[in-house]
file data15.tsv (TSV, C-alpha atoms)
chain	number	residue	atom	x	y	z
X	205	MET	CA	0.00	0.00	0.00
X	206	LYS	CA	2.87	2.37	0.81
X	207	THR	CA	4.24	1.68	-2.66
X	208	LEU	CA	0.96	2.58	-4.34
X	209	MET	CA	0.73	5.79	-2.29
X	210	GLY	CA	4.25	6.72	-3.38
X	211	PHE	CA	3.41	6.08	-7.02
X	212	VAL	CA	0.29	8.27	-6.86
X	213	ALA	CA	2.31	11.07	-5.24
X	214	GLY	CA	4.97	10.89	-7.96
X	215	LEU	CA	2.31	10.80	-10.65
X	216	LEU	CA	0.45	13.85	-9.32
X	217	PHE	CA	3.75	15.67	-8.94
X	218	SER	CA	4.91	15.05	-12.50
X	219	LEU	CA	1.49	15.83	-13.99
X	220	GLY	CA	1.67	19.13	-12.13
X	221	LEU	CA	5.18	19.83	-13.41
X	222	ALA	CA	4.27	19.03	-17.01
X	223	ILE	CA	0.91	20.85	-17.07
X	224	SER	CA	2.49	23.93	-15.49
X	225	GLY	CA	5.30	24.00	-18.06
X	226	MET	CA	8.11	23.39	-15.56
X	227	THR	CA	9.33	20.55	-17.80
X	228	ASP	CA	10.41	23.33	-20.19
X	229	PRO	CA	13.80	24.73	-19.07
X	230	ALA	CA	13.25	27.76	-21.30
X	231	ARG	CA	10.20	28.73	-19.22
X	232	VAL	CA	12.10	28.31	-15.97
X	233	VAL	CA	15.04	30.40	-17.19
X	234	GLY	CA	12.51	32.90	-18.55
X	235	PHE	CA	11.36	33.40	-14.97
X	236	LEU	CA	14.92	33.67	-13.65
X	237	ASP	CA	15.83	36.21	-16.35
X	238	VAL	CA	14.48	39.29	-14.57
X	239	ALA	CA	16.41	41.63	-16.89
X	240	GLY	CA	15.03	40.03	-20.06
X	241	ALA	CA	11.57	39.11	-21.37
X	242	TRP	CA	10.35	38.02	-17.94
X	243	ASP	CA	8.07	34.95	-17.81
X	244	PRO	CA	5.96	34.98	-14.59
X	245	THR	CA	4.64	31.39	-14.97
X	246	LEU	CA	6.84	29.95	-12.20
X	247	ILE	CA	5.34	32.34	-9.64
X	248	PHE	CA	1.88	30.93	-10.37
X	249	VAL	CA	3.23	27.38	-10.04
X	250	LEU	CA	4.98	28.06	-6.75
X	251	GLY	CA	2.05	30.11	-5.43
X	252	GLY	CA	-0.51	27.42	-6.31
X	253	ALA	CA	1.68	24.70	-4.82
X	254	VAL	CA	2.55	26.52	-1.58
X	255	VAL	CA	-1.02	27.65	-0.82
X	256	THR	CA	-2.42	24.17	-1.54
X	257	THR	CA	0.26	22.54	0.60
X	258	PHE	CA	-0.13	25.09	3.41
X	259	ILE	CA	-3.86	24.39	3.72
X	260	GLY	CA	-3.61	20.65	3.06
X	261	TYR	CA	-0.79	20.05	5.59
X	262	ARG	CA	-2.82	21.66	8.37
X	263	LEU	CA	-5.85	19.51	7.61
X	264	VAL	CA	-3.66	16.39	7.46
X	265	TRP	CA	-1.75	17.13	10.67
X	266	LYS	CA	-5.04	17.34	12.62
X	267	ARG	CA	-5.28	13.56	12.26
X	268	GLY	CA	-2.22	13.03	14.41
X	269	THR	CA	-0.67	10.24	12.32
X	270	PRO	CA	-0.38	9.46	8.62
X	271	LEU	CA	-2.63	6.74	7.16
X	272	PHE	CA	0.14	4.25	6.35
X	273	ALA	CA	3.06	5.23	8.59
X	274	GLY	CA	3.65	5.57	12.32
X	275	ARG	CA	4.34	9.29	12.43
X	276	PHE	CA	4.87	12.44	10.43
X	277	ALA	CA	8.58	12.72	9.58
X	278	LEU	CA	9.16	16.46	9.84
X	279	PRO	CA	12.47	18.34	10.00
X	280	THR	CA	12.91	20.05	13.35
X	281	ARG	CA	15.97	22.27	12.82
X	282	ARG	CA	15.36	26.01	12.65
X	283	ASP	CA	18.95	27.37	12.65
X	284	LEU	CA	20.73	28.66	9.56
X	285	ASP	CA	24.18	27.21	8.90
X	286	PRO	CA	26.79	27.62	6.16
X	287	ARG	CA	26.09	24.18	4.72
X	288	LEU	CA	22.42	25.04	4.13
X	289	LEU	CA	23.11	28.45	2.60
X	290	GLY	CA	26.21	27.40	0.65
X	291	GLY	CA	24.40	24.35	-0.69
X	292	ALA	CA	21.43	26.50	-1.73
X	293	ALA	CA	23.80	28.90	-3.54
X	294	LEU	CA	25.51	26.07	-5.47
X	295	PHE	CA	22.13	24.62	-6.36
X	296	GLY	CA	20.95	28.04	-7.58
X	297	ILE	CA	23.95	28.38	-9.90
X	298	GLY	CA	23.30	24.94	-11.41
X	299	TRP	CA	19.58	25.71	-11.71
X	300	GLY	CA	20.29	28.99	-13.48
X	301	LEU	CA	22.76	27.37	-15.89
X	302	SER	CA	20.42	24.55	-16.90
X	303	GLY	CA	16.84	25.56	-16.05
X	304	TYR	CA	16.53	22.15	-14.35
X	305	CYS	CA	15.92	21.50	-10.69
X	306	PRO	CA	15.72	17.81	-9.70
X	307	GLY	CA	11.95	17.25	-10.20
X	308	PRO	CA	11.64	18.64	-13.72
X	309	ALA	CA	14.92	16.99	-14.78
X	310	VAL	CA	13.60	13.54	-13.81
X	311	ALA	CA	10.06	14.24	-15.08
X	312	SER	CA	11.56	15.14	-18.49
X	313	ILE	CA	12.91	11.62	-19.05
X	314	ALA	CA	9.98	11.12	-21.48
X	315	GLY	CA	11.87	13.46	-23.80
X	316	LEU	CA	15.33	12.11	-23.02
X	317	SER	CA	18.26	13.72	-24.85
X	318	GLN	CA	22.02	13.46	-24.36
X	319	PRO	CA	22.26	16.77	-22.44
X	320	LEU	CA	19.42	15.69	-20.12
X	321	ALA	CA	21.06	12.30	-19.52
X	322	ALA	CA	24.30	14.12	-18.64
X	323	MET	CA	22.35	16.36	-16.25
X	324	LEU	CA	20.76	13.38	-14.48
X	325	ILE	CA	23.98	11.38	-14.14
X	326	ALA	CA	25.92	14.40	-12.88
X	327	MET	CA	23.13	15.22	-10.43
X	328	ALA	CA	23.26	11.72	-8.94
X	329	ALA	CA	27.06	12.05	-8.72
X	330	GLY	CA	26.62	15.39	-6.95
X	331	TRP	CA	24.34	13.77	-4.38
X	332	TRP	CA	27.01	11.15	-3.74
X	333	VAL	CA	29.71	13.79	-3.23
X	334	ALA	CA	27.39	15.69	-0.86
X	335	LYS	CA	26.88	12.53	1.18
X	336	ARG	CA	30.62	11.96	1.39
X	337	LEU	CA	31.18	15.57	2.49
X	338	SER	CA	28.39	15.35	5.05
X	339	GLY	CA	29.71	12.17	6.68
X	340	SER	CA	27.79	8.92	6.44
X	341	HIS	CA	24.41	10.55	5.81
D	20	MET	CA	1.24	38.55	-19.77
D	21	ASP	CA	0.37	35.18	-21.25
D	22	MET	CA	-2.88	34.39	-19.42
D	23	ALA	CA	-3.17	30.77	-20.64
D	24	ALA	CA	0.40	30.01	-19.56
D	25	SER	CA	-0.25	31.50	-16.13
D	26	LEU	CA	-3.45	29.47	-15.65
D	27	HIS	CA	-1.61	26.31	-16.68
D	28	GLY	CA	1.02	27.23	-14.13
D	29	LEU	CA	-1.53	27.77	-11.38
D	30	PHE	CA	-3.36	24.50	-12.11
D	31	GLY	CA	-0.11	22.53	-12.30
D	32	GLY	CA	1.04	24.17	-9.07
D	33	VAL	CA	-2.13	23.04	-7.29
D	34	LEU	CA	-1.46	19.46	-8.50
D	35	ILE	CA	2.07	19.65	-7.11
D	36	GLY	CA	0.60	20.86	-3.82
D	37	LEU	CA	-1.92	17.99	-3.81
D	38	SER	CA	0.97	15.57	-4.35
D	39	ALA	CA	2.77	17.01	-1.33
D	40	VAL	CA	-0.39	16.81	0.80
D	41	TRP	CA	-1.04	13.24	-0.39
D	42	LEU	CA	2.46	12.10	0.57
D	43	MET	CA	2.14	13.73	4.00
D	44	ALA	CA	-1.34	12.27	4.58
D	45	THR	CA	-0.42	8.74	3.58
D	46	LEU	CA	3.27	8.23	4.41
D	47	GLY	CA	3.98	11.27	6.60
D	48	ARG	CA	6.78	12.40	4.31
D	49	ILE	CA	7.97	15.70	2.86
D	50	ALA	CA	7.70	15.66	-0.95
D	51	GLY	CA	11.30	16.70	-1.55
D	52	ILE	CA	12.53	15.28	-4.82
D	53	SER	CA	16.26	15.56	-4.09
D	54	GLY	CA	15.90	13.85	-0.70
D	55	ILE	CA	13.60	11.08	-1.97
D	56	LEU	CA	15.80	10.23	-4.98
D	57	SER	CA	19.20	10.73	-3.37
D	58	GLY	CA	18.07	8.41	-0.56
D	59	LEU	CA	16.81	5.86	-3.08
D	60	ILE	CA	20.03	5.84	-5.11
D	61	TRP	CA	22.72	6.11	-2.43
D	62	GLU	CA	21.19	4.81	0.81
D	63	ARG	CA	18.46	2.29	-0.06
D	64	PRO	CA	17.14	2.25	3.50
D	65	GLU	CA	15.52	-1.10	4.20
D	66	GLY	CA	11.72	-0.91	4.22
D	67	ASP	CA	11.93	2.69	3.05
D	68	SER	CA	12.96	2.26	-0.58
D	69	ALA	CA	9.94	0.74	-2.33
D	70	TRP	CA	7.77	3.86	-2.01
D	71	ARG	CA	10.70	5.99	-3.24
D	72	LEU	CA	11.10	3.78	-6.30
D	73	ALA	CA	7.34	3.95	-6.93
D	74	PHE	CA	7.46	7.75	-6.54
D	75	LEU	CA	10.26	7.86	-9.13
D	76	ALA	CA	8.16	5.70	-11.48
D	77	GLY	CA	5.20	8.05	-11.09
D	78	LEU	CA	7.45	11.02	-11.69
D	79	ILE	CA	8.58	9.58	-15.02
D	80	VAL	CA	5.21	8.19	-16.15
D	81	GLY	CA	3.04	11.32	-15.67
D	82	PRO	CA	4.44	13.35	-18.59
D	83	MET	CA	4.43	10.21	-20.78
D	84	LEU	CA	0.68	9.87	-20.18
D	85	LEU	CA	0.18	13.53	-21.13
D	86	MET	CA	2.14	12.96	-24.35
D	87	LEU	CA	-0.02	9.94	-25.19
D	88	ALA	CA	-3.20	11.85	-24.36
D	89	GLY	CA	-2.30	14.66	-26.77
D	90	GLY	CA	-4.43	17.81	-26.81
D	91	ASN	CA	-2.10	20.60	-25.73
D	92	LEU	CA	-1.96	19.66	-22.05
D	93	GLY	CA	1.62	20.83	-21.63
D	94	ASN	CA	2.87	24.40	-21.28
D	95	VAL	CA	6.13	24.51	-23.22
D	96	ALA	CA	6.94	28.10	-24.27
D	97	GLY	CA	6.08	28.62	-27.94
D	98	ALA	CA	5.13	24.97	-28.56
D	99	PRO	CA	1.49	24.34	-27.53
D	100	GLY	CA	1.51	20.64	-28.47
D	101	ALA	CA	4.69	19.77	-26.55
D	102	VAL	CA	4.95	18.42	-23.00
D	103	ILE	CA	8.74	18.35	-22.56
D	104	GLY	CA	10.92	21.32	-23.58
D	105	ALA	CA	14.41	20.94	-25.04
D	106	PRO	CA	17.52	21.42	-22.88
D	107	ILE	CA	18.93	24.95	-23.16
D	108	GLY	CA	22.56	23.85	-23.33
D	109	GLY	CA	24.84	21.06	-24.48
D	110	THR	CA	26.15	18.01	-22.68
D	111	GLY	CA	29.18	19.79	-21.18
D	112	LEU	CA	27.11	22.57	-19.63
D	113	MET	CA	24.60	20.05	-18.28
D	114	LEU	CA	27.37	17.99	-16.65
D	115	VAL	CA	28.53	21.07	-14.75
D	116	ALA	CA	24.98	22.17	-13.92
D	117	GLY	CA	23.95	18.68	-12.84
D	118	LEU	CA	26.92	18.36	-10.50
D	119	LEU	CA	26.11	21.74	-8.93
D	120	VAL	CA	22.41	20.87	-8.55
D	121	GLY	CA	23.22	17.49	-6.97
D	122	LEU	CA	25.95	18.80	-4.69
D	123	GLY	CA	23.98	21.91	-3.73
D	124	THR	CA	20.70	20.15	-2.97
D	125	GLY	CA	22.60	17.42	-1.12
D	126	LEU	CA	24.51	19.84	1.11
D	127	GLY	CA	21.56	22.21	1.44
D	128	SER	CA	19.13	19.38	2.30
D	129	GLY	CA	16.57	20.19	-0.34
D	130	CYS	CA	15.55	21.66	-3.65
D	131	THR	CA	12.66	23.63	-5.12
D	132	SER	CA	10.14	21.07	-3.87
D	133	GLY	CA	11.45	20.25	-0.39
D	134	HIS	CA	12.40	23.82	0.55
D	135	GLY	CA	10.42	25.86	-1.98
D	136	VAL	CA	7.04	24.12	-1.75
D	137	CYS	CA	6.91	21.97	1.39
D	138	GLY	CA	9.27	24.07	3.50
D	139	LEU	CA	7.53	27.36	2.77
D	140	ALA	CA	4.17	25.70	3.47
D	141	ARG	CA	5.55	24.57	6.85
D	142	LEU	CA	6.79	28.13	7.48
D	143	SER	CA	10.29	26.74	8.07
D	144	PRO	CA	12.89	29.51	8.49
D	145	ARG	CA	15.62	27.25	7.04
D	146	SER	CA	13.56	26.60	3.92
D	147	LEU	CA	12.69	30.28	3.51
D	148	ALA	CA	16.39	31.19	3.72
D	149	ALA	CA	17.41	28.40	1.33
D	150	THR	CA	14.70	29.37	-1.16
D	151	LEU	CA	15.72	33.03	-1.14
D	152	VAL	CA	19.36	32.04	-1.64
D	153	PHE	CA	18.84	29.60	-4.50
D	154	VAL	CA	16.42	31.84	-6.36
D	155	ALA	CA	18.80	34.80	-5.99
D	156	ALA	CA	21.82	32.69	-7.06
D	157	ALA	CA	19.89	31.37	-10.07
D	158	MET	CA	18.77	34.87	-11.10
D	159	LEU	CA	22.33	36.20	-10.78
D	160	THR	CA	23.62	33.26	-12.80
D	161	VAL	CA	21.11	33.84	-15.60
D	162	TYR	CA	21.90	37.55	-15.54
D	163	GLY	CA	25.61	36.82	-15.83
D	164	VAL	CA	25.22	34.28	-18.62
D	165	ARG	CA	22.69	36.22	-20.69
D	166	HIS	CA	23.45	39.87	-20.08
D	167	VAL	CA	27.12	40.03	-19.06
D	168	LEU	CA	28.73	37.19	-21.02
D	169	GLY	CA	26.05	37.48	-23.71
D	170	GLY	CA	25.77	33.73	-24.09
D	171	GLY	CA	22.61	31.65	-24.15
D	172	ALA	CA	19.44	32.66	-25.94

call {"tool": "encode", "arguments": {"input": "data15.tsv", "output": "structure tokens"}}
result
Amino acid sequence: MKTLMGFVAGLLFSLGLAISGMTDPARVVGFLDVAGAWDPTLIFVLGGAVVTTFIGYRLVWKRGTPLFAGRFALPTRRDLDPRLLGGAALFGIGWGLSGYCPGPAVASIAGLSQPLAAMLIAMAAGWWVAKRLSGSH
Amino acid sequence: MDMAASLHGLFGGVLIGLSAVWLMATLGRIAGISGILSGLIWERPEGDSAWRLAFLAGLIVGPMLLMLAGGNLGNVAGAPGAVIGAPIGGTGLMLVAGLLVGLGTGLGSGCTSGHGVCGLARLSPRSLAATLVFVAAAMLTVYGVRHVLGGGA
């Protein structure tokens, strides 16, 4: 059952990415290019997603526990550290260069090309390096 | 402003939000793509990998279904019938970008989904800071590439 729930979540997520146009790197970079012909689409995507999640999370948390797991696994840290901010900065540079963040890159496999394959392999390698730098996990 | 593109964006965004709510309601997890996939590939935690693999399958299958369905369901700029847009750079650029995205989301514990969607919805100060930093870094990068170096489109 957990597997089916995971599949549905991934499916909804990628349908959302594709319908919103986030599987088009040109649209994403169009949003990031504030000095060019600015494309506001990403703001509507992020706004729709955050508001929906904000409301939905609060309804879900009222139940106390998830339907198919023992507890809600929520991050508890609230401090800002160099690893968080430095990591975010490196990610932003890569995102700006490619127009791909992890979700859209993977969801674009339906239109696989050599540059996209390179992106995906390098991304997985980057995760490995980050794990090595962060200790065992 | 392109009204149809914005409405597509809003509708797709709501679906992404529903996915995040679904994952929280059923498995109690944050829908952070980098964390889910990095964990699947490099940790394979016992009893905690099957749902990640299924999530990955769903993530790949969704756009394929839209392509099969036809009917302009995507929102690729300037190509109404398309679902997946073309990469904006070659293999070399994508290798560098991919490494930065992997390393950065790994060190920073999240990407656009984990920090940008779920973290902001949780009102997490770490996610707000991370989101501001990666959006600013991405905007500066695009500015540098397009308007200073003059490369790109």

call {"tool": "residues_near_point", "arguments": {"input": "data15.tsv", "point": "(26.5, 19.6, -11.8)", "cutoff": "10 Å", "atoms": "all atoms listed in the file", "output": "compact mmCIF listing (two decimals) with C-alpha atoms, keeping the file's coordinate frame"}}
result
# COMPACT_ATOMS: atom_id res chain seq x y z
CA LEU X 294 25.51 26.07 -5.47
CA PHE X 295 22.13 24.62 -6.36
CA ILE X 297 23.95 28.38 -9.90
CA GLY X 298 23.30 24.94 -11.41
CA TRP X 299 19.58 25.71 -11.71
CA LEU X 301 22.76 27.37 -15.89
CA SER X 302 20.42 24.55 -16.90
CA ALA X 322 24.30 14.12 -18.64
CA MET X 323 22.35 16.36 -16.25
CA LEU X 324 20.76 13.38 -14.48
CA ILE X 325 23.98 11.38 -14.14
CA ALA X 326 25.92 14.40 -12.88
CA MET X 327 23.13 15.22 -10.43
CA ALA X 328 23.26 11.72 -8.94
CA ALA X 329 27.06 12.05 -8.72
CA GLY X 330 26.62 15.39 -6.95
CA TRP X 331 24.34 13.77 -4.38
CA GLY D 111 29.18 19.79 -21.18
CA LEU D 112 27.11 22.57 -19.63
CA MET D 113 24.60 20.05 -18.28
CA LEU D 114 27.37 17.99 -16.65
CA VAL D 115 28.53 21.07 -14.75
CA ALA D 116 24.98 22.17 -13.92
CA GLY D 117 23.95 18.68 -12.84
CA LEU D 118 26.92 18.36 -10.50
CA LEU D 119 26.11 21.74 -8.93
CA VAL D 120 22.41 20.87 -8.55
CA GLY D 121 23.22 17.49 -6.97
CA LEU D 122 25.95 18.80 -4.69
CA GLY D 123 23.98 21.91 -3.73

call {"tool": "residues_around", "arguments": {"input": "data15.tsv", "residues": "range 155-170 of chain D", "least_positions_apart": "3", "cutoff": "9 Å", "atoms": "only C-alpha atoms", "output": "list in words"}}
result
Val233, Phe235, Leu236, Asp237, Val238, Ala239, Gly240, Ala292, Ala293, Leu294, Phe295, Gly296, Ile297, Gly298, Trp299, Gly300, Leu301 and Gly303 of chain X; Thr150, Leu151 and Val152 of chain D

call {"tool": "closest_residue", "arguments": {"input": "data15.tsv", "among": "D:Ile55, D:Ala98, D:Val80, D:Ala88", "to": "chain X", "atoms": "only C-alpha atoms"}}
result
D:Val80

call {"tool": "closest_residue", "arguments": {"input": "data15.tsv", "among": "X:Gly210, X:Ile259, X:Pro286, X:Trp265", "to": "chain D", "atoms": "all atoms listed in the file"}}
result
X:Gly210

call {"tool": "closest_residue", "arguments": {"input": "data15.tsv", "among": "D:Leu56, D:Gly31, D:Ala50, D:Met22", "to": "chain X", "atoms": "all atoms listed in the file"}}
result
D:Gly31

call {"tool": "residues_around", "arguments": {"input": "data15.tsv", "residues": "Leu34 in chain D", "least_positions_apart": "2", "cutoff": "7 Å", "atoms": "all atoms listed in the file", "output": "ChimeraX atom specification"}}
result
/X:216-217,220 /D:30-32,36-38

call {"tool": "atom_distance", "arguments": {"input": "data15.tsv", "atom1": "CA of Phe272 in chain X", "atom2": "CA of Leu46 in chain D"}}
result
5.4 Å

call {"tool": "atom_distance", "arguments": {"input": "data15.tsv", "atom1": "CA of Thr245 in chain X", "atom2": "CA of Trp41 in chain D"}}
result
24.0 Å

call {"tool": "atom_distance", "arguments": {"input": "data15.tsv", "atom1": "CA of Ser317 in chain X", "atom2": "CA of Pro106 in chain D"}}
result
8.0 Å

call {"tool": "closest_residue", "arguments": {"input": "data15.tsv", "among": "X:Ser312, X:Ser224, X:Ser218, X:Thr269", "to": "Leu250 in chain X", "atoms": "all atoms listed in the file"}}
result
X:Ser224

call {"tool": "closest_residue", "arguments": {"input": "data15.tsv", "among": "D:Asn94, D:Ile60, D:Pro82, D:Ser68", "to": "His27 in chain D", "atoms": "only C-alpha atoms"}}
result
D:Asn94

call {"tool": "closest_residue", "arguments": {"input": "data15.tsv", "among": "D:Ala101, D:Leu78, D:Leu142, D:Leu26", "to": "chain X", "atoms": "only C-alpha atoms"}}
result
D:Leu78

call {"tool": "residues_near_point", "arguments": {"input": "data15.tsv", "point": "(6.1, 5.7, 6.7)", "cutoff": "10 Å", "atoms": "only C-alpha atoms", "output": "list in words"}}
result
Lys206, Thr269, Pro270, Leu271, Phe272, Ala273, Gly274, Arg275, Phe276 and Ala277 of chain X; Leu42, Met43, Thr45, Leu46, Gly47, Arg48, Gly66, Asp67 and Trp70 of chain D

call {"tool": "axis_aligned_box", "arguments": {"input": "data15.tsv", "around": "range 207-213 of chain X", "padding_each_side": "3 Å", "output": "lines of an AutoDock Vina configuration file"}}
result
center_x = 2.3
center_y = 6.4
center_z = -4.7
size_x = 10.0
size_y = 15.4
size_z = 10.7

call {"tool": "residues_around", "arguments": {"input": "data15.tsv", "residues": "Pro244 in chain X", "least_positions_apart": "3", "cutoff": "9 Å", "atoms": "all atoms listed in the file", "output": "ChimeraX atom specification"}}
result
/X:231,234-235,247-248 /D:20-21,24-25

call {"tool": "residues_around", "arguments": {"input": "data15.tsv", "residues": "Leu75 in chain D", "least_positions_apart": "4", "cutoff": "7 Å", "atoms": "only C-alpha atoms", "output": "list of chain:residue names"}}
result
X:Gly214, D:Arg71, D:Ile79

call {"tool": "write_last_selection", "arguments": {"input": "data15.tsv", "atoms": "C-alpha atoms", "output": "PDB file, keeping the file's coordinate frame"}}
result
ATOM      1  CA  GLY X 214       4.970  10.890  -7.960  1.00  0.00           C
TER       2      GLY X 214
ATOM      3  CA  ARG D  71      10.700   5.990  -3.240  1.00  0.00           C
ATOM      4  CA  ILE D  79       8.580   9.580 -15.020  1.00  0.00           C
TER       5      ILE D  79
END
